[in-house]
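Notes to accompany the following structure.
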Amino acid sequence: MKKLITHTFYIFVIAMLASTQLSWSQGSDYEKSISISLKAGSSRDLSAMFESNVELNINGNEGDYSKNQAELILKDFFKKFPPEDFNIVHKGKSGSQIQYYIGSYQSSHGNFRILIKCKIKDDDILIYSMDFNKE
């Protein structure tokens with residue numbers, strides 16, 4: 001009986017570690033997708049990761065926009081400030097449903113600190129807020 005309990009415990013621990021690894025792997029892939037989209041200045045690829053409504057704040061000009069409106073606003077931003085580089089400098093979680101990234105965006109017309117907030121829904125991660133602050 002003791003042996004059965006010990007084996008059950010080990011199986012439980014291994015299953016928990018595997019699910020945690022899967023969750024971090026998904027977050028890592030998502031992080032790569034965000035970085036690639038921002039480095040390329042692709043509002044289309046970025047908007048594919050948006051929730052249906054998105055809060056945008058670009059240097060104090062803020063508002064709540066539909067996914068399509070937000071894509072157009074970011075397209076305009078990338079035209080005004082074409083990307084040279086983007087790096088995620090910090091990432092974290094708040095509870096089990098909120099994930100965030102802080103990144104450094106370089107452009108020949110100015111550098112920005114970007115805060116990206118995401119919600120985890122049904123094994124999917126969706127951006128619900130982006131703040132662009134000129135440095």
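By convention here, the chains of the structure tokens are called A, B, ... in the order presented, each chain's residues are numbered starting at 1, and ligands are numbered starting at 1 in the order presented.
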(message) Residues near range 118-133 of chain A, anyone? I mean within 7 Å using only C-alpha atoms, not counting same-chain ones fewer than 4 positions away, as JSON, numbers by chain.
(response) {"A": [49, 50, 51, 53, 54, 55, 56, 57, 58, 59, 97, 98, 99, 100, 112, 113, 114]}
Cut-off 12 Å: closest range 69-113 of chain A/range 32-42 of chain A atom pairs per residue, using only C-alpha atoms, as a tab-separated table:
residue	atom	partner	partner_atom	distance
A:Glu71	CA	A:Ser42	CA	9.1
A:Leu72	CA	A:Ser42	CA	10.7
A:Ile73	CA	A:Ser42	CA	11.7
A:Leu74	CA	A:Ser42	CA	8.4
A:Lys75	CA	A:Ser42	CA	7.4
A:Asp76	CA	A:Gly41	CA	10.1
A:Phe77	CA	A:Gly41	CA	8.9
A:Phe78	CA	A:Gly41	CA	5.6
A:Lys79	CA	A:Gly41	CA	8.4
A:Lys80	CA	A:Gly41	CA	10.7
A:Phe81	CA	A:Gly41	CA	9.0
A:Pro82	CA	A:Gly41	CA	6.7
A:Pro83	CA	A:Lys39	CA	5.8
A:Glu84	CA	A:Lys39	CA	6.8
A:Asp85	CA	A:Lys39	CA	5.3
A:Phe86	CA	A:Lys39	CA	5.3
A:Asn87	CA	A:Ser35	CA	6.6
A:Ile88	CA	A:Ser35	CA	7.2
A:Val89	CA	A:Ser35	CA	10.9
A:Tyr100	CA	A:Ile34	CA	11.4
A:Tyr101	CA	A:Ile34	CA	9.4
A:Ile102	CA	A:Ser35	CA	10.9
A:Gly103	CA	A:Ser35	CA	8.7
A:Ser104	CA	A:Leu38	CA	10.1
A:Tyr105	CA	A:Leu38	CA	7.9
A:Gln106	CA	A:Lys39	CA	8.9
A:Ser107	CA	A:Lys39	CA	9.9
A:Phe112	CA	A:Leu38	CA	11.7
(message) To test your reading of the structure, identify every residue in range 19-113 of chain A that backbone DSSP assigns to alpha helix (DSSP H), and report it as a ChimeraX atom specification.
(response) /A:19-40,43-47,67-80
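One finds CA of Asp29 in chain A at 19.0 Å from CA of Ser94 in chain A.
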(request) Could you tell me, as a ChimeraX atom specification, which residues of range 59-127 of chain A DSSP assigns to strand (DSSP E or B) when given the backbone? (result) /A:61-66,83-94,98-107,110-121,124-127
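Between CA of Lys117 in chain A and CA of Glu135 in chain A lies a distance of 19.4 Å.
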(message) Please compute the CA of Ser52 in chain A-CA of Tyr65 in chain A distance, one decimal, in Å.
(response) 8.6 Å
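Distance annotation: of A:Ile116, A:His90, A:Ser108, A:Lys134, the residue with the minimal separation from Leu46 in chain A is A:Ile116; atom set is only C-alpha atoms.
The residue that comes closest to Ser43 in chain A, out of A:Gly60, A:Asn68, A:Ser96, A:Lys91 and on the basis of only C-alpha atoms, is A:Asn68.
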